[in-house]
Amino acid sequence: MAAAAAIIRTGDGQNLVTEDVTVVEGDVATISCRVKNSDDSVIQLLNPNRQTIYFRDFRPLKDSRFQLVNFSNSELRVSLTNVSISDEGRYFCQLYTDPPQEIYTTITVLVPPRNLVIDIQKEIAVEGEEIEVNCTAMASRPATTIRWFKGNKELTGKSEVEQWSDMYTVTSQLLLKVGREDDGVPVICLVDHPAVKDLQTQRYLEVMYKPQVRVSQNYPVQGLTREGEPLELSCAAFGKPQPTDMRWLRVDDEMPQHVVVSGSNLLISNLNKTDNGTYRCEASNAVGKSHADYMLFVYDPPTTIPPPTTTTTTTTTIPTTITDTTATTEPAVHGFTHLPNSAEELDYGDLSDSRAGEEGAIRSVDHAVVGGVVAVVVFAMLCLLIILGRYFARHKGTYFTHEAKGADDAADADTAIINAEGGQNNSEEKKEYFI
């Protein structure tokens with residue numbers, strides 16, 4: 001299929017007009033010789049060897065690939081089918097005027113790559129390795145541009161161009177460090193050439209990698225691992241090739257004897273503090289070995305508060321006769337209707353009944369103690385106030401008595417003082433005691 005170039009050729013001061021043609025090998029090229037101001041002059045088309053292809057509407061050349069498309073006083077249009085590289089060159093349009101006019105058009109033939117080959121240095125790679133991938137585009141014209149893609153990501157390669165006659169062979173090299181994420185990912189070699197679109201080839205990477213290990217807790221599903229409860233762990237491993245060897249061990253210590261290992265599962269039916277530690281699941285394949293750790297810490301069992309209990313307490317007063325004829329009463333022990341015969345009977349006979357009310361009564365001990373302390377303090381303060389009040393009242397009465405004794409019977413001040421002293425002597429004889 002022919003493609004008109006952007007350059008349109010026109011002879012200086014002439015009536016002839018034409019344009020360059022670019023065509024892919026094997027397609028059809030169309031050559032057009034046009035006259036701007038026609039004066040019925042003869043139009044002629046010549047090949048690069050100056051051989052006449054068409055003279056007006058007559059074809060002297062015996063090459064049947066040239067066919068007349070249109071002929072008129074203003075245009076001669078000819079098609080060339082099955083274009084090859086040998087057809088490339090300059091074609092001349094001539095107009096027989098006085099003087100004759102001539103202009104040329106150039107046919108350019110594009111050749112797409114004959115073959116596109118991608119080659120991987122190692123068919124199977126191991127993660128972390130650097131592999132070499134080569135892509136070759138053979139016998140193209142002009143030289144191709146090779147682009148690399150890994151999945152949807154474009155990469156940069158290094159290209160070399162070799163020329164053979166009029167053809168070019170391009171080889172591009174890509175160095176690629178592969179990982180486990182590259183397994184099954186396509187490496188694409190894409191050709192960028194004006195003669196072809198979407199020409200590409202690809203190879204899928206095959207990468208081997210060591211196992212990826214993961215430990216999960218099956219029971220308890222949520223919450224803490226507590227003493228006395230069971231624990232179940234499971235181990236999962238994925239690799240290429242698939243891991244064939246999987247085992248459990250305890251890091252820096254021996255595995256407890258009561259631990260049960262079944263395939264990829266680990267079970268402890270009754271946890272205790274000695275089970276604390278790090279448990280490791282190891283898996284291996286032909287590439288290498290990997291592991292995952294589980295750190296176990298056993299917590300104390302949950303504590304529960306006992307429900308409150310109601311205890312009935314009875315008090316019985318038993319009279320006891322003492323040898324000195326003094327009768328006293330002694331309160332009986334809670335929960336008995338008779339006195340125990342011995343201390344041993346008190347300890348064992350009352351133990352079951354007293355313990356029944358101990359848990360229920362312990363809740364009220366704090367309140368009773370606080371209330372008792374407050375009552376004692378209040379009582380002590382009241383007693384202190386009464387004593388102070390009595391003391392001040394007594395001394396005030398003595399003052400008034402002394403004043404009266406010195407003033408009632410005396411005729412003057414000196415006599416009052418003498419009488420007062422005598423009164424004081426008399427008062428010493430009469431002593432009062434306050435209890």
# chains A, B, ... in the order shown; residues from 1 in each chain; ligands from 1

call {"tool": "residues_around", "arguments": {"residues": "A:Gln173", "least_positions_apart": "2", "cutoff": "6 Å", "atoms": "only C-alpha atoms", "output": "PyMOL selection string"}}
result
chain A and resi 133-134+157-158

call {"tool": "write_last_selection", "arguments": {"atoms": "C-alpha atoms", "output": "PDB file, in the first residue's frame"}}
result
ATOM      1  CA  VAL A 133      17.417 -12.534  27.301  1.00  0.00           C
ATOM      2  CA  ASN A 134      18.094 -11.810  23.607  1.00  0.00           C
ATOM      3  CA  GLY A 157      17.965  -3.274  26.675  1.00  0.00           C
ATOM      4  CA  LYS A 158      21.180  -2.871  24.691  1.00  0.00           C
TER       5      LYS A 158
END

call {"tool": "residues_around", "arguments": {"residues": "A:Val207", "least_positions_apart": "2", "cutoff": "8 Å", "atoms": "only C-alpha atoms", "output": "PyMOL selection string"}}
result
chain A and resi 124-127+178-180+182-184+205+209+240

call {"tool": "residues_around", "arguments": {"residues": "A:Ile43", "least_positions_apart": "2", "cutoff": "7 Å", "atoms": "only C-alpha atoms", "output": "mmCIF file with N, CA, C and O atoms, in the first residue's frame"}}
result
data_model
loop_
_atom_site.group_PDB
_atom_site.id
_atom_site.type_symbol
_atom_site.label_atom_id
_atom_site.label_comp_id
_atom_site.auth_asym_id
_atom_site.auth_seq_id
_atom_site.Cartn_x
_atom_site.Cartn_y
_atom_site.Cartn_z
ATOM 1 N N SER A 41 -0.285 19.136 -24.177
ATOM 2 C CA SER A 41 1.045 18.596 -24.453
ATOM 3 C C SER A 41 1.097 17.119 -24.030
ATOM 4 O O SER A 41 0.319 16.638 -23.193
ATOM 5 N N PHE A 55 3.800 6.287 -22.546
ATOM 6 C CA PHE A 55 3.801 7.477 -23.410
ATOM 7 C C PHE A 55 2.334 7.781 -23.698
ATOM 8 O O PHE A 55 1.680 7.018 -24.400
ATOM 9 N N ARG A 56 1.870 8.840 -23.101
ATOM 10 C CA ARG A 56 0.426 9.104 -23.072
ATOM 11 C C ARG A 56 -0.258 7.895 -22.449
ATOM 12 O O ARG A 56 0.081 7.534 -21.327
ATOM 13 N N LEU A 76 -1.326 11.867 -15.637
ATOM 14 C CA LEU A 76 -0.999 10.497 -15.982
ATOM 15 C C LEU A 76 -0.711 9.770 -14.666
ATOM 16 O O LEU A 76 0.263 10.077 -13.966
ATOM 17 N N GLN A 94 7.743 13.652 -17.675
ATOM 18 C CA GLN A 94 8.166 14.605 -18.720
ATOM 19 C C GLN A 94 6.945 15.164 -19.440
ATOM 20 O O GLN A 94 5.971 14.423 -19.688
ATOM 21 N N LEU A 95 7.029 16.447 -19.777
ATOM 22 C CA LEU A 95 5.969 17.131 -20.518
ATOM 23 C C LEU A 95 6.610 17.719 -21.776
ATOM 24 O O LEU A 95 7.541 18.540 -21.683
ATOM 25 N N TYR A 96 6.107 17.267 -22.926
ATOM 26 C CA TYR A 96 6.704 17.708 -24.204
ATOM 27 C C TYR A 96 6.168 19.093 -24.564
ATOM 28 O O TYR A 96 5.182 19.229 -25.267
#

call {"tool": "residues_around", "arguments": {"residues": "stretch 18-35 of chain A", "least_positions_apart": "5", "cutoff": "10 Å", "atoms": "only C-alpha atoms", "output": "ChimeraX atom specification"}}
result
/A:1-11,40-41,43-45,65-85,87-88,90-95,103-112,141,194-196

call {"tool": "residues_around", "arguments": {"residues": "A:Lys153", "least_positions_apart": "6", "cutoff": "12 Å", "atoms": "only C-alpha atoms", "output": "tab-separated table (two decimals) with N, CA and C atoms, in the first residue's frame"}}
result
chain	number	residue	atom	x	y	z
A	147	ARG	N	11.95	-2.90	21.66
A	147	ARG	CA	11.56	-2.48	23.01
A	147	ARG	C	11.25	-3.72	23.85
A	182	ASP	N	8.39	-12.98	39.72
A	182	ASP	CA	8.51	-13.02	38.25
A	182	ASP	C	8.10	-14.37	37.66
A	185	VAL	N	5.56	-14.65	34.62
A	185	VAL	CA	5.39	-13.33	34.02
A	185	VAL	C	6.00	-13.35	32.61
A	186	PRO	N	5.32	-12.81	31.59
A	186	PRO	CA	5.88	-12.83	30.23
A	186	PRO	C	6.93	-11.73	30.03
A	187	VAL	N	7.99	-12.10	29.30
A	187	VAL	CA	8.97	-11.12	28.84
A	187	VAL	C	8.70	-10.90	27.36
A	188	ILE	N	8.40	-9.66	26.97
A	188	ILE	CA	7.92	-9.34	25.62
A	188	ILE	C	8.98	-8.56	24.86

call {"tool": "select_by_dssp", "arguments": {"residues": "stretch 113-283 of chain A", "states": "helix (DSSP H, G or I)", "output": "VMD selection string"}}
result
chain A and resid 180 to 182 273 to 275

call {"tool": "write_last_selection", "arguments": {"atoms": "N, CA, C and O atoms", "output": "PDB file, in the first residue's frame"}}
result
ATOM      1  N   ARG A 180      10.842 -14.329  42.969  1.00  0.00           N
ATOM      2  CA  ARG A 180       9.698 -15.250  42.976  1.00  0.00           C
ATOM      3  C   ARG A 180       8.456 -14.609  42.357  1.00  0.00           C
ATOM      4  O   ARG A 180       7.606 -15.298  41.802  1.00  0.00           O
ATOM      5  N   GLU A 181       8.368 -13.284  42.426  1.00  0.00           N
ATOM      6  CA  GLU A 181       7.209 -12.610  41.838  1.00  0.00           C
ATOM      7  C   GLU A 181       7.245 -12.625  40.314  1.00  0.00           C
ATOM      8  O   GLU A 181       6.239 -12.321  39.670  1.00  0.00           O
ATOM      9  N   ASP A 182       8.395 -12.979  39.717  1.00  0.00           N
ATOM     10  CA  ASP A 182       8.510 -13.021  38.253  1.00  0.00           C
ATOM     11  C   ASP A 182       8.096 -14.368  37.657  1.00  0.00           C
ATOM     12  O   ASP A 182       8.048 -14.493  36.431  1.00  0.00           O
ATOM     13  N   LYS A 273       3.170 -22.905  82.467  1.00  0.00           N
ATOM     14  CA  LYS A 273       4.209 -21.896  82.350  1.00  0.00           C
ATOM     15  C   LYS A 273       5.480 -22.433  81.697  1.00  0.00           C
ATOM     16  O   LYS A 273       6.236 -21.683  81.065  1.00  0.00           O
ATOM     17  N   THR A 274       5.737 -23.725  81.843  1.00  0.00           N
ATOM     18  CA  THR A 274       6.958 -24.290  81.265  1.00  0.00           C
ATOM     19  C   THR A 274       6.900 -24.351  79.743  1.00  0.00           C
ATOM     20  O   THR A 274       7.922 -24.602  79.102  1.00  0.00           O
ATOM     21  N   ASP A 275       5.736 -24.121  79.143  1.00  0.00           N
ATOM     22  CA  ASP A 275       5.611 -24.144  77.683  1.00  0.00           C
ATOM     23  C   ASP A 275       6.030 -22.831  77.037  1.00  0.00           C
ATOM     24  O   ASP A 275       6.077 -22.738  75.803  1.00  0.00           O
TER      25      ASP A 275
END

call {"tool": "select_by_dssp", "arguments": {"residues": "stretch 177-300 of chain A", "states": "strand (DSSP E)", "output": "PyMOL selection string"}}
result
chain A and resi 177+186-193+196-204+207-219+231-240+245-250+259-262+265-268+277-284+289-296

call {"tool": "residues_around", "arguments": {"residues": "A:Thr169", "least_positions_apart": "2", "cutoff": "8 Å", "atoms": "only C-alpha atoms", "output": "number ranges by chain"}}
result
A: 136-140, 143-144, 161-164, 167, 171

call {"tool": "write_last_selection", "arguments": {"atoms": "all heavy atoms", "output": "short mmCIF file (atom, residue, chain, number, x, y, z; two decimals), in the first residue's frame"}}
result
data_model
loop_
_atom_site.label_atom_id
_atom_site.label_comp_id
_atom_site.auth_asym_id
_atom_site.auth_seq_id
_atom_site.Cartn_x
_atom_site.Cartn_y
_atom_site.Cartn_z
N THR A 136 16.10 -10.95 18.43
CA THR A 136 16.72 -10.63 17.14
C THR A 136 15.65 -10.39 16.09
O THR A 136 14.74 -11.22 15.92
CB THR A 136 17.64 -11.79 16.68
OG1 THR A 136 18.61 -12.03 17.70
CG2 THR A 136 18.33 -11.44 15.38
N ALA A 137 15.74 -9.24 15.42
CA ALA A 137 14.88 -8.90 14.28
C ALA A 137 15.75 -8.95 13.02
O ALA A 137 16.68 -8.16 12.87
CB ALA A 137 14.28 -7.52 14.47
N MET A 138 15.44 -9.87 12.11
CA MET A 138 16.30 -10.15 10.96
C MET A 138 15.80 -9.47 9.69
O MET A 138 14.60 -9.41 9.44
CB MET A 138 16.38 -11.66 10.72
CG MET A 138 16.89 -12.46 11.90
SD MET A 138 16.90 -14.23 11.55
CE MET A 138 17.48 -14.88 13.11
N ALA A 139 16.76 -9.00 8.88
CA ALA A 139 16.54 -8.54 7.49
C ALA A 139 15.39 -7.55 7.37
O ALA A 139 14.34 -7.83 6.79
CB ALA A 139 16.30 -9.74 6.59
N SER A 140 15.59 -6.40 7.94
CA SER A 140 14.59 -5.34 7.83
C SER A 140 15.23 -4.13 7.16
O SER A 140 16.44 -3.99 7.08
CB SER A 140 14.05 -4.96 9.20
OG SER A 140 15.07 -4.39 10.00
N ALA A 143 16.56 -0.19 9.71
CA ALA A 143 16.81 -0.97 10.93
C ALA A 143 15.66 -0.75 11.92
O ALA A 143 15.12 0.35 12.05
CB ALA A 143 18.14 -0.54 11.55
N THR A 144 15.31 -1.83 12.60
CA THR A 144 14.19 -1.77 13.55
C THR A 144 14.67 -1.24 14.90
O THR A 144 15.87 -1.23 15.22
CB THR A 144 13.57 -3.17 13.75
OG1 THR A 144 14.58 -4.04 14.28
CG2 THR A 144 13.06 -3.71 12.45
N VAL A 161 23.36 -3.33 15.72
CA VAL A 161 22.83 -3.35 14.36
C VAL A 161 23.90 -3.88 13.41
O VAL A 161 25.05 -3.41 13.44
CB VAL A 161 22.37 -1.95 13.92
CG1 VAL A 161 21.82 -1.99 12.50
CG2 VAL A 161 21.32 -1.40 14.90
N GLU A 162 23.51 -4.83 12.57
CA GLU A 162 24.38 -5.37 11.54
C GLU A 162 23.73 -5.16 10.17
O GLU A 162 22.52 -5.42 10.02
CB GLU A 162 24.65 -6.86 11.77
CG GLU A 162 25.39 -7.16 13.06
CD GLU A 162 25.65 -8.64 13.23
OE1 GLU A 162 25.33 -9.39 12.27
OE2 GLU A 162 26.15 -9.05 14.28
N GLN A 163 24.51 -4.70 9.19
CA GLN A 163 23.98 -4.45 7.84
C GLN A 163 24.50 -5.49 6.86
O GLN A 163 25.70 -5.76 6.79
CB GLN A 163 24.37 -3.04 7.37
CG GLN A 163 23.79 -2.67 6.02
CD GLN A 163 24.12 -1.25 5.61
OE1 GLN A 163 24.80 -0.54 6.35
NE2 GLN A 163 23.62 -0.83 4.44
N TRP A 164 23.55 -6.06 6.09
CA TRP A 164 23.87 -7.02 5.04
C TRP A 164 23.26 -6.50 3.75
O TRP A 164 22.04 -6.49 3.60
CB TRP A 164 23.31 -8.40 5.38
CG TRP A 164 23.87 -8.98 6.66
CD1 TRP A 164 23.39 -8.81 7.92
CD2 TRP A 164 25.03 -9.80 6.77
NE1 TRP A 164 24.16 -9.46 8.83
CE2 TRP A 164 25.19 -10.11 8.15
CE3 TRP A 164 25.96 -10.31 5.86
CZ2 TRP A 164 26.23 -10.89 8.62
CZ3 TRP A 164 27.00 -11.10 6.34
CH2 TRP A 164 27.13 -11.39 7.71
N MET A 167 19.94 -4.66 3.75
CA MET A 167 19.13 -5.12 4.88
C MET A 167 19.88 -4.94 6.19
O MET A 167 21.11 -4.90 6.23
CB MET A 167 18.77 -6.60 4.69
CG MET A 167 17.93 -6.87 3.45
SD MET A 167 16.32 -6.04 3.56
CE MET A 167 15.60 -6.58 2.01
N THR A 171 19.93 -6.94 17.03
CA THR A 171 19.88 -7.83 18.19
C THR A 171 19.91 -6.98 19.46
O THR A 171 20.78 -6.10 19.62
CB THR A 171 21.06 -8.81 18.19
OG1 THR A 171 21.04 -9.58 17.00
CG2 THR A 171 21.00 -9.74 19.39
#

call {"tool": "atom_distance", "arguments": {"atom1": "atom CA of A:Asn15", "atom2": "atom CA of A:Pro99"}}
result
12.1 Å

call {"tool": "closest_residue", "arguments": {"among": "A:Gln51, A:Arg247, A:Val298, A:Leu199", "to": "A:Leu224", "atoms": "only C-alpha atoms"}}
result
A:Val298

call {"tool": "residues_around", "arguments": {"residues": "A:Gln212", "least_positions_apart": "4", "cutoff": "9 Å", "atoms": "only C-alpha atoms", "output": "list in words"}}
result
Ala236, Ala237, Phe238, Gly239, Ala283, Lys289, Ser290, His291 and Ala292 of chain A
